[in-house]
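Trainee: Input: one structure, supplied below.
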Amino acid sequence: MLPFKLVYSDDYYLPIGAHVFPAEKYRRIHDRLLETGIAEAADFVTPQPASDQDVLLVHTAQYVQKLKMGTLSAREELEMEVPYSPELVRAFWLAAGGSILAADYALQNRVAINVGGGFHHAFPDHGEGFCMIHDVAVAIRRMQRDEKITRAMTVDCDVHQGNGTAVIFAGACIPGKALPSTAASVVSPAAPTRPRNAHARDVFTISLHQENNYPMLKPASSIDVDLPDEIGDDDYLAWLDNALSSGLHQFEPELICYLAGADPYREDQLGGLSLTIEGLKRRDQLVFRAAHARDIPVMVTFAGGYAQRVEDTVTIHCNTVIAAKEIFESKVSS
Ligand SMILES: [Zn+2]
């Protein structure tokens with residue numbers, strides 16, 4: 001039995017036909033976790049779809065209306081890069097419900113994993129890059145509305161920058177707070193961290209991503225780490241460590257939302273970084289250790305993953321569960 005819950009539904013499957021997004025990955029992760037004995041059936045909890053009221057905490061009424069009525073323009077549907085259907089709307093509402101449930105469980109058990117979600121390219125008024133609505137933002141706003149938390153931090157390790165997250169949580173600038181770690185060039189030569197206006201009122205956003213990749217326009221997160229092509233495990237982990245230290249030095253969240261994208265993997269079809277499967281597991285451990293050491297609850301979503309072999313994507317996501325087990329089990333026994 002795991003010391004935390006896995007949120008999952010067979011209906012996470014995205015009905016998008018033949019697509020680079022492996023919509024069946026969720027079920028395969030679920031099955032692999034059970035087959036390998038990493039998890040047992042009782043570790044899983046089934047989410048309900050988010051309510052429209054929850055979704056409206058992040059998205060505009062006009063956009064929600066278009067999604068519910070099926071009245072997106074051709075351009076809007078093209079920009080979303082997944083074919084619209086009412087079934088797809090239901091799948092995204094369910095993923096958002098899953099992230100809400102995972103956030104709730106994380107606050108109770110210190111960690112929880114949504115075996116789905118991480119749709120960080122959704123904006124308040126439109127969808128982009130396979131993302132219809134922003135499940136993580138919906139979960140954060142719901143926790144805040146219910147007064148379970150006031151401050152959250154997103155740690156986005158998908159290979160693509162979290163543009164939707166940055167825009168949704170862009171707030172008033174906090175002046176005079178330079179990033180203390182930007183000069184500490186653990187990696188050298190050209191420091192990729194952008195010490196842009198670290199703005200965070202109630203949600204602090206961190207994104208580590210490949211610079212030369214979608215989205216071309218990268219709205220400012222609180223901390224953006226623009227990584228060069230083909231960065232490997234050690235350099236990546238050094239930058240992540242740096243960003244986490246800096247972020248947690250500036251901001252004290254009551255919940256960390258970790259987007260554990262599988263697409264920084266060296267064999268990803270939509271990514272240009274060079275992390276190994278082992279390196280990605282070390283990445284997960286690093287994030288969990290940072291949260292564990294400070295006693296900050298962490299909610300995980302899986303985000304992207306487009307490896308040549310879907311099996312690799314499944315392995316990377318399953319390793320996130322193993323990493324959480326390793327770090328948080330030690331907590332229980334201590
Ligand atoms: Zn991605």
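Every chain in the structure tokens has a letter given in the order shown (A, B, ...), and although residue numbers restart at 1 in each chain, ligands are simply numbered from 1 in the order shown.
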Please identify all polymer residues within 10 Å of stretch 11-17 of chain A, counting only C-alpha atoms, omitting same-chain residues fewer than 3 positions from it, and present them as a ChimeraX atom specification.
Mentor: /A:8,20-27,46-47,81-95,98,115-117,130
Trainee: Just the selected residues (N, CA, C and O atoms), exported as a CSV table (one decimal), in the first residue's frame, please.
Mentor:
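Below is the file result_2.csv, written as the result:
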```
chain,number,residue,atom,x,y,z
A,8,TYR,N,-7.1,8.5,-10.6
A,8,TYR,CA,-7.2,7.9,-11.9
A,8,TYR,C,-8.6,7.5,-12.3
A,8,TYR,O,-9.4,7.0,-11.5
A,20,VAL,N,-0.1,12.4,-32.1
A,20,VAL,CA,1.2,12.2,-31.4
A,20,VAL,C,1.1,12.1,-29.9
A,20,VAL,O,1.9,11.5,-29.2
A,21,PHE,N,0.0,12.6,-29.4
A,21,PHE,CA,-0.3,12.5,-28.0
A,21,PHE,C,-0.8,11.1,-27.7
A,21,PHE,O,-1.9,10.7,-28.2
A,22,PRO,N,-0.1,10.3,-26.9
A,22,PRO,CA,-0.5,8.9,-26.7
A,22,PRO,C,-1.6,8.8,-25.7
A,22,PRO,O,-1.4,8.7,-24.5
A,23,ALA,N,-2.9,9.0,-26.2
A,23,ALA,CA,-4.0,9.1,-25.3
A,23,ALA,C,-4.2,7.9,-24.4
A,23,ALA,O,-4.9,8.0,-23.4
A,24,GLU,N,-3.7,6.8,-24.8
A,24,GLU,CA,-3.8,5.5,-24.0
A,24,GLU,C,-2.8,5.4,-22.9
A,24,GLU,O,-2.8,4.5,-22.2
A,25,LYS,N,-1.9,6.4,-22.8
A,25,LYS,CA,-0.8,6.3,-21.8
A,25,LYS,C,-1.4,6.2,-20.4
A,25,LYS,O,-0.8,5.5,-19.5
A,26,TYR,N,-2.5,6.8,-20.1
A,26,TYR,CA,-3.0,6.8,-18.7
A,26,TYR,C,-3.4,5.4,-18.3
A,26,TYR,O,-3.0,5.0,-17.2
A,27,ARG,N,-4.1,4.7,-19.1
A,27,ARG,CA,-4.5,3.4,-18.8
A,27,ARG,C,-3.3,2.5,-18.7
A,27,ARG,O,-3.2,1.6,-17.8
A,46,THR,N,-11.0,7.5,-7.6
A,46,THR,CA,-11.6,7.9,-8.9
A,46,THR,C,-12.2,9.3,-8.7
A,46,THR,O,-12.9,9.6,-7.8
A,47,PRO,N,-11.8,10.2,-9.6
A,47,PRO,CA,-12.3,11.6,-9.5
A,47,PRO,C,-13.7,11.8,-10.2
A,47,PRO,O,-14.1,11.0,-11.0
A,81,GLU,N,-5.0,22.2,-31.3
A,81,GLU,CA,-4.3,21.0,-31.8
A,81,GLU,C,-4.8,19.7,-31.4
A,81,GLU,O,-4.1,18.7,-31.4
A,82,VAL,N,-6.0,19.6,-30.9
A,82,VAL,CA,-6.8,18.4,-30.7
A,82,VAL,C,-8.2,18.6,-31.2
A,82,VAL,O,-8.7,19.7,-31.1
A,83,PRO,N,-8.8,17.6,-31.9
A,83,PRO,CA,-10.1,17.8,-32.5
A,83,PRO,C,-11.2,17.9,-31.4
A,83,PRO,O,-11.3,17.0,-30.6
A,84,TYR,N,-12.0,18.9,-31.6
A,84,TYR,CA,-13.0,19.2,-30.6
A,84,TYR,C,-14.1,18.1,-30.7
A,84,TYR,O,-14.5,17.6,-31.7
A,85,SER,N,-14.6,17.7,-29.5
A,85,SER,CA,-15.8,16.9,-29.4
A,85,SER,C,-16.4,17.0,-28.0
A,85,SER,O,-15.6,17.4,-27.1
A,86,PRO,N,-17.6,16.8,-27.8
A,86,PRO,CA,-18.2,16.9,-26.5
A,86,PRO,C,-17.5,15.9,-25.5
A,86,PRO,O,-17.3,16.2,-24.3
A,87,GLU,N,-17.1,14.7,-26.1
A,87,GLU,CA,-16.5,13.7,-25.3
A,87,GLU,C,-15.1,14.2,-24.8
A,87,GLU,O,-14.7,14.0,-23.7
A,88,LEU,N,-14.4,15.0,-25.6
A,88,LEU,CA,-13.1,15.5,-25.2
A,88,LEU,C,-13.3,16.6,-24.1
A,88,LEU,O,-12.5,16.6,-23.2
A,89,VAL,N,-14.4,17.3,-24.2
A,89,VAL,CA,-14.7,18.3,-23.2
A,89,VAL,C,-14.8,17.6,-21.8
A,89,VAL,O,-14.3,18.0,-20.8
A,90,ARG,N,-15.6,16.5,-21.9
A,90,ARG,CA,-15.8,15.7,-20.7
A,90,ARG,C,-14.5,15.2,-20.1
A,90,ARG,O,-14.3,15.2,-18.9
A,91,ALA,N,-13.6,14.7,-21.0
A,91,ALA,CA,-12.3,14.2,-20.5
A,91,ALA,C,-11.5,15.3,-19.9
A,91,ALA,O,-10.8,15.0,-18.8
A,92,PHE,N,-11.5,16.5,-20.4
A,92,PHE,CA,-10.7,17.6,-19.8
A,92,PHE,C,-11.3,18.0,-18.5
A,92,PHE,O,-10.6,18.3,-17.5
A,93,TRP,N,-12.7,18.0,-18.4
A,93,TRP,CA,-13.3,18.4,-17.1
A,93,TRP,C,-13.0,17.3,-16.0
A,93,TRP,O,-12.8,17.6,-14.9
A,94,LEU,N,-12.9,16.1,-16.5
A,94,LEU,CA,-12.5,15.0,-15.6
A,94,LEU,C,-11.1,15.1,-15.1
A,94,LEU,O,-10.8,14.9,-13.9
A,95,ALA,N,-10.2,15.5,-16.0
A,95,ALA,CA,-8.8,15.7,-15.6
A,95,ALA,C,-8.7,16.8,-14.6
A,95,ALA,O,-7.9,16.7,-13.6
A,98,GLY,N,-9.8,15.6,-11.4
A,98,GLY,CA,-8.7,14.7,-10.8
A,98,GLY,C,-7.6,15.5,-10.2
A,98,GLY,O,-7.1,15.2,-9.1
A,115,VAL,N,-2.8,10.7,-12.1
A,115,VAL,CA,-2.3,10.0,-13.2
A,115,VAL,C,-2.9,10.6,-14.5
A,115,VAL,O,-3.6,9.9,-15.3
A,116,GLY,N,-2.7,11.8,-14.7
A,116,GLY,CA,-3.2,12.6,-15.8
A,116,GLY,C,-2.9,14.1,-15.6
A,116,GLY,O,-2.1,14.4,-14.8
A,117,GLY,N,-3.7,14.9,-16.3
A,117,GLY,CA,-3.6,16.4,-16.1
A,117,GLY,C,-2.2,16.9,-16.5
A,117,GLY,O,-1.4,16.3,-17.3
A,130,PHE,N,-2.6,21.0,-27.3
A,130,PHE,CA,-3.2,19.8,-26.8
A,130,PHE,C,-3.9,20.1,-25.4
A,130,PHE,O,-4.3,19.1,-24.8
```
Trainee: Given only C-alpha atoms and all ligand atoms, how would the per-residue table for chain A near ligand 1 read, listing every residue at most 12 Å away with its closest atom pair and distance in Å to one decimal, sorted by chain and number, as CSV?
Mentor:
```
residue,atom,partner,partner_atom_place_in_ligand_line,distance
A:Val20,CA,ligand 1,1 (Zn),11.5
A:Phe21,CA,ligand 1,1 (Zn),9.9
A:Gly117,CA,ligand 1,1 (Zn),11.7
A:Gly118,CA,ligand 1,1 (Zn),9.1
A:Phe119,CA,ligand 1,1 (Zn),8.8
A:His120,CA,ligand 1,1 (Zn),8.5
A:His121,CA,ligand 1,1 (Zn),8.8
A:Glu128,CA,ligand 1,1 (Zn),11.5
A:Gly129,CA,ligand 1,1 (Zn),8.4
A:Phe130,CA,ligand 1,1 (Zn),9.3
A:Cys131,CA,ligand 1,1 (Zn),10.2
A:Asp156,CA,ligand 1,1 (Zn),9.7
A:Cys157,CA,ligand 1,1 (Zn),8.7
A:Asp158,CA,ligand 1,1 (Zn),4.9
A:Val159,CA,ligand 1,1 (Zn),5.1
A:His160,CA,ligand 1,1 (Zn),4.5
A:Gln161,CA,ligand 1,1 (Zn),7.6
A:Gly162,CA,ligand 1,1 (Zn),8.6
A:Asn163,CA,ligand 1,1 (Zn),11.0
A:Ser207,CA,ligand 1,1 (Zn),11.4
A:Leu208,CA,ligand 1,1 (Zn),11.0
A:His209,CA,ligand 1,1 (Zn),8.8
A:Gln210,CA,ligand 1,1 (Zn),9.8
A:Asn213,CA,ligand 1,1 (Zn),9.5
A:Tyr214,CA,ligand 1,1 (Zn),8.5
A:Pro215,CA,ligand 1,1 (Zn),9.7
A:Leu259,CA,ligand 1,1 (Zn),9.8
A:Ala260,CA,ligand 1,1 (Zn),9.7
A:Gly261,CA,ligand 1,1 (Zn),6.2
A:Ala262,CA,ligand 1,1 (Zn),7.7
A:Asp263,CA,ligand 1,1 (Zn),5.7
A:Pro264,CA,ligand 1,1 (Zn),8.0
A:Tyr265,CA,ligand 1,1 (Zn),10.6
A:Asp268,CA,ligand 1,1 (Zn),9.7
A:Gln269,CA,ligand 1,1 (Zn),10.3
A:Leu270,CA,ligand 1,1 (Zn),7.4
A:Gly271,CA,ligand 1,1 (Zn),7.5
A:Gly272,CA,ligand 1,1 (Zn),10.8
A:Leu273,CA,ligand 1,1 (Zn),11.5
A:Phe302,CA,ligand 1,1 (Zn),9.9
A:Ala303,CA,ligand 1,1 (Zn),6.5
A:Gly304,CA,ligand 1,1 (Zn),4.2
A:Gly305,CA,ligand 1,1 (Zn),6.6
A:Tyr306,CA,ligand 1,1 (Zn),8.3
A:Ala307,CA,ligand 1,1 (Zn),11.2
```
Trainee: Considering only C-alpha atoms, give me a table of residues in stretch 102-170 of chain A that are at most 10 Å from stretch 318-327 of chain A, with the closest atom pair and distance in Å for each, as CSV.
Mentor:
```
residue,atom,partner,partner_atom,distance
A:Val111,CA,A:Ala324,CA,7.7
A:Ala112,CA,A:Ala324,CA,8.8
A:Ile113,CA,A:Val321,CA,7.6
A:Val115,CA,A:Cys318,CA,9.3
```
Trainee: Restricting the calculation to only C-alpha atoms, which member of A:Ile231, A:Ala39, A:Ile149, A:Leu101 is positioned closest to A:Leu275?
Mentor: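 Among A:Ile231, A:Ala39, A:Ile149, A:Leu101, it is A:Ile231 that comes nearest to A:Leu275.
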Trainee: Hey, which of A:Val7, A:Ala170, A:Val314, A:Leu248 ends up closest to A:Arg32? Count only C-alpha atoms.
Mentor: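 Selected residue with least distance to A:Arg32: A:Val314.
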Trainee: Would you give me, as a ChimeraX atom specification, the residues in stretch 109-269 of chain A that DSSP reads as helix (DSSP H, G or I)?
Mentor: /A:109,135-145,163-168,233-250
Trainee: Could you pull out the strand (DSSP E) residues of stretch 122-173 of chain A, going by DSSP on the backbone, and write them as a ChimeraX atom specification?
Mentor: /A:152-156
Trainee: Would you kindly return, as a list in words, each protein, DNA or RNA residue with an atom no farther than 8 Å from any atom of A:Gly164, considering only C-alpha atoms and excluding same-chain residues fewer than 2 positions away?
Mentor: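 So the residues in contact are His120, His121, Ala122, Phe123, Pro124, His134, Gly162, Ala166, Val167 and Ile168 of chain A.
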Trainee: Could you take the residues named above and write them with N, CA and C atoms, as a JSON list (two decimals), in the first residue's frame?
Mentor:
```json
[["chain", "number", "residue", "atom", "x", "y", "z"],
["A", 120, "HIS", "N", -0.85, 22.56, -19.22],
["A", 120, "HIS", "CA", -0.31, 23.88, -18.88],
["A", 120, "HIS", "C", -0.31, 24.89, -20.02],
["A", 121, "HIS", "N", -0.78, 24.49, -21.21],
["A", 121, "HIS", "CA", -0.85, 25.46, -22.32],
["A", 121, "HIS", "C", -2.24, 26.06, -22.49],
["A", 122, "ALA", "N", -3.15, 25.76, -21.56],
["A", 122, "ALA", "CA", -4.49, 26.35, -21.65],
["A", 122, "ALA", "C", -4.49, 27.73, -21.01],
["A", 123, "PHE", "N", -5.08, 28.69, -21.69],
["A", 123, "PHE", "CA", -5.20, 30.07, -21.22],
["A", 123, "PHE", "C", -6.62, 30.31, -20.72],
["A", 124, "PRO", "N", -6.84, 31.44, -20.03],
["A", 124, "PRO", "CA", -8.20, 31.72, -19.56],
["A", 124, "PRO", "C", -9.25, 31.70, -20.68],
["A", 134, "HIS", "N", -7.04, 24.35, -18.05],
["A", 134, "HIS", "CA", -5.84, 24.24, -17.22],
["A", 134, "HIS", "C", -6.20, 23.60, -15.88],
["A", 162, "GLY", "N", 5.54, 26.59, -19.59],
["A", 162, "GLY", "CA", 4.17, 26.67, -19.09],
["A", 162, "GLY", "C", 3.55, 28.03, -19.35],
["A", 166, "ALA", "N", 1.82, 30.74, -16.70],
["A", 166, "ALA", "CA", 2.43, 32.06, -16.50],
["A", 166, "ALA", "C", 1.39, 33.17, -16.64],
["A", 167, "VAL", "N", 0.54, 33.05, -17.65],
["A", 167, "VAL", "CA", -0.45, 34.11, -17.89],
["A", 167, "VAL", "C", -1.54, 34.09, -16.82],
["A", 168, "ILE", "N", -2.01, 32.89, -16.47],
["A", 168, "ILE", "CA", -3.10, 32.79, -15.48],
["A", 168, "ILE", "C", -2.66, 33.39, -14.14]]
```
Trainee: Name all residues at most 10 Å from A:Arg282 (count only C-alpha atoms; drop same-chain ones fewer than 2 positions away) and give them as a PDB file with N, CA, C and O atoms, in the first residue's frame.
Mentor:
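Generated output (out_34.pdb):
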```
ATOM      1  N   ASP A 233      21.454  15.060 -18.117  1.00  0.00           N
ATOM      2  CA  ASP A 233      20.962  14.875 -16.746  1.00  0.00           C
ATOM      3  C   ASP A 233      21.589  15.828 -15.729  1.00  0.00           C
ATOM      4  O   ASP A 233      20.895  16.508 -14.983  1.00  0.00           O
ATOM      5  N   ASP A 234      22.917  15.834 -15.677  1.00  0.00           N
ATOM      6  CA  ASP A 234      23.578  16.557 -14.588  1.00  0.00           C
ATOM      7  C   ASP A 234      23.330  18.056 -14.653  1.00  0.00           C
ATOM      8  O   ASP A 234      23.044  18.694 -13.640  1.00  0.00           O
ATOM      9  N   LEU A 237      19.680  18.802 -13.775  1.00  0.00           N
ATOM     10  CA  LEU A 237      19.405  18.670 -12.340  1.00  0.00           C
ATOM     11  C   LEU A 237      20.008  19.828 -11.556  1.00  0.00           C
ATOM     12  O   LEU A 237      19.425  20.299 -10.574  1.00  0.00           O
ATOM     13  N   THR A 276      18.021  11.133 -19.573  1.00  0.00           N
ATOM     14  CA  THR A 276      17.793   9.693 -19.602  1.00  0.00           C
ATOM     15  C   THR A 276      16.597   9.368 -18.702  1.00  0.00           C
ATOM     16  O   THR A 276      16.137  10.211 -17.920  1.00  0.00           O
ATOM     17  N   ILE A 277      16.138   8.136 -18.808  1.00  0.00           N
ATOM     18  CA  ILE A 277      15.042   7.710 -17.932  1.00  0.00           C
ATOM     19  C   ILE A 277      15.485   7.799 -16.473  1.00  0.00           C
ATOM     20  O   ILE A 277      14.733   8.252 -15.604  1.00  0.00           O
ATOM     21  N   GLU A 278      16.718   7.409 -16.204  1.00  0.00           N
ATOM     22  CA  GLU A 278      17.246   7.498 -14.836  1.00  0.00           C
ATOM     23  C   GLU A 278      17.354   8.958 -14.380  1.00  0.00           C
ATOM     24  O   GLU A 278      17.034   9.284 -13.237  1.00  0.00           O
ATOM     25  N   GLY A 279      17.795   9.822 -15.299  1.00  0.00           N
ATOM     26  CA  GLY A 279      17.893  11.254 -14.971  1.00  0.00           C
ATOM     27  C   GLY A 279      16.539  11.848 -14.632  1.00  0.00           C
ATOM     28  O   GLY A 279      16.409  12.681 -13.726  1.00  0.00           O
ATOM     29  N   LEU A 280      15.513  11.408 -15.351  1.00  0.00           N
ATOM     30  CA  LEU A 280      14.164  11.916 -15.072  1.00  0.00           C
ATOM     31  C   LEU A 280      13.670  11.450 -13.705  1.00  0.00           C
ATOM     32  O   LEU A 280      12.974  12.178 -13.001  1.00  0.00           O
ATOM     33  N   ASP A 284      12.584  13.761 -10.424  1.00  0.00           N
ATOM     34  CA  ASP A 284      11.419  13.598  -9.541  1.00  0.00           C
ATOM     35  C   ASP A 284      11.859  13.561  -8.073  1.00  0.00           C
ATOM     36  O   ASP A 284      11.240  14.198  -7.211  1.00  0.00           O
ATOM     37  N   GLN A 285      12.922  12.820  -7.817  1.00  0.00           N
ATOM     38  CA  GLN A 285      13.409  12.706  -6.433  1.00  0.00           C
ATOM     39  C   GLN A 285      13.820  14.068  -5.887  1.00  0.00           C
ATOM     40  O   GLN A 285      13.571  14.387  -4.723  1.00  0.00           O
ATOM     41  N   LEU A 286      14.442  14.860  -6.754  1.00  0.00           N
ATOM     42  CA  LEU A 286      14.900  16.191  -6.331  1.00  0.00           C
ATOM     43  C   LEU A 286      13.722  17.063  -5.907  1.00  0.00           C
ATOM     44  O   LEU A 286      13.752  17.722  -4.856  1.00  0.00           O
ATOM     45  N   VAL A 287      12.668  17.045  -6.717  1.00  0.00           N
ATOM     46  CA  VAL A 287      11.490  17.857  -6.385  1.00  0.00           C
ATOM     47  C   VAL A 287      10.847  17.339  -5.102  1.00  0.00           C
ATOM     48  O   VAL A 287      10.510  18.121  -4.198  1.00  0.00           O
ATOM     49  N   PHE A 288      10.712  16.026  -4.998  1.00  0.00           N
ATOM     50  CA  PHE A 288      10.072  15.464  -3.795  1.00  0.00           C
ATOM     51  C   PHE A 288      10.912  15.733  -2.547  1.00  0.00           C
ATOM     52  O   PHE A 288      10.362  16.032  -1.482  1.00  0.00           O
ATOM     53  N   ASN A 319       7.924   5.749 -12.874  1.00  0.00           N
ATOM     54  CA  ASN A 319       9.058   6.060 -12.000  1.00  0.00           C
ATOM     55  C   ASN A 319       8.770   7.238 -11.071  1.00  0.00           C
ATOM     56  O   ASN A 319       9.340   7.330  -9.984  1.00  0.00           O
ATOM     57  N   THR A 320       7.906   8.140 -11.519  1.00  0.00           N
ATOM     58  CA  THR A 320       7.528   9.269 -10.654  1.00  0.00           C
ATOM     59  C   THR A 320       6.810   8.742  -9.409  1.00  0.00           C
ATOM     60  O   THR A 320       7.023   9.239  -8.297  1.00  0.00           O
ATOM     61  N   ALA A 323       9.462   7.149  -7.218  1.00  0.00           N
ATOM     62  CA  ALA A 323      10.257   8.190  -6.541  1.00  0.00           C
ATOM     63  C   ALA A 323       9.497   8.766  -5.344  1.00  0.00           C
ATOM     64  O   ALA A 323      10.055   8.952  -4.256  1.00  0.00           O
TER      65      ALA A 323
END
```
Trainee: Compile the contact shell of A:Met143 as a PyMOL selection string: residues with an atom at most 9 Å away, counting only C-alpha atoms, same-chain residues fewer than 6 positions apart removed.
Mentor: chain A and resi 100+103-104+149-150
Trainee: Take the residues that were just selected and, keeping N, CA, C and O atoms, output them as a PDB file, in the first residue's frame.
Mentor:
```pdb
ATOM      1  N   ILE A 100      -8.067  18.502  -8.818  1.00  0.00           N
ATOM      2  CA  ILE A 100      -8.673  19.022  -7.582  1.00  0.00           C
ATOM      3  C   ILE A 100      -8.589  17.959  -6.480  1.00  0.00           C
ATOM      4  O   ILE A 100      -8.160  18.238  -5.348  1.00  0.00           O
ATOM      5  N   ALA A 103      -5.036  17.507  -5.294  1.00  0.00           N
ATOM      6  CA  ALA A 103      -4.603  18.614  -4.430  1.00  0.00           C
ATOM      7  C   ALA A 103      -5.148  18.415  -3.015  1.00  0.00           C
ATOM      8  O   ALA A 103      -4.435  18.592  -2.020  1.00  0.00           O
ATOM      9  N   ASP A 104      -6.400  18.019  -2.951  1.00  0.00           N
ATOM     10  CA  ASP A 104      -7.034  17.751  -1.658  1.00  0.00           C
ATOM     11  C   ASP A 104      -6.297  16.644  -0.899  1.00  0.00           C
ATOM     12  O   ASP A 104      -5.981  16.788   0.289  1.00  0.00           O
ATOM     13  N   ILE A 149      -5.778  26.659   1.236  1.00  0.00           N
ATOM     14  CA  ILE A 149      -4.442  27.255   1.072  1.00  0.00           C
ATOM     15  C   ILE A 149      -4.615  28.713   0.647  1.00  0.00           C
ATOM     16  O   ILE A 149      -5.687  29.102   0.169  1.00  0.00           O
ATOM     17  N   THR A 150      -3.556  29.480   0.815  1.00  0.00           N
ATOM     18  CA  THR A 150      -3.557  30.811   0.193  1.00  0.00           C
ATOM     19  C   THR A 150      -2.472  30.897  -0.882  1.00  0.00           C
ATOM     20  O   THR A 150      -2.656  31.558  -1.892  1.00  0.00           O
TER      21      THR A 150
END
```
Trainee: Expressed in Å to a single decimal, how great is the separation between atom CA of A:Ser99 and atom CA of A:Arg75?
Mentor: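 These atoms are spaced 28.2 Å apart.
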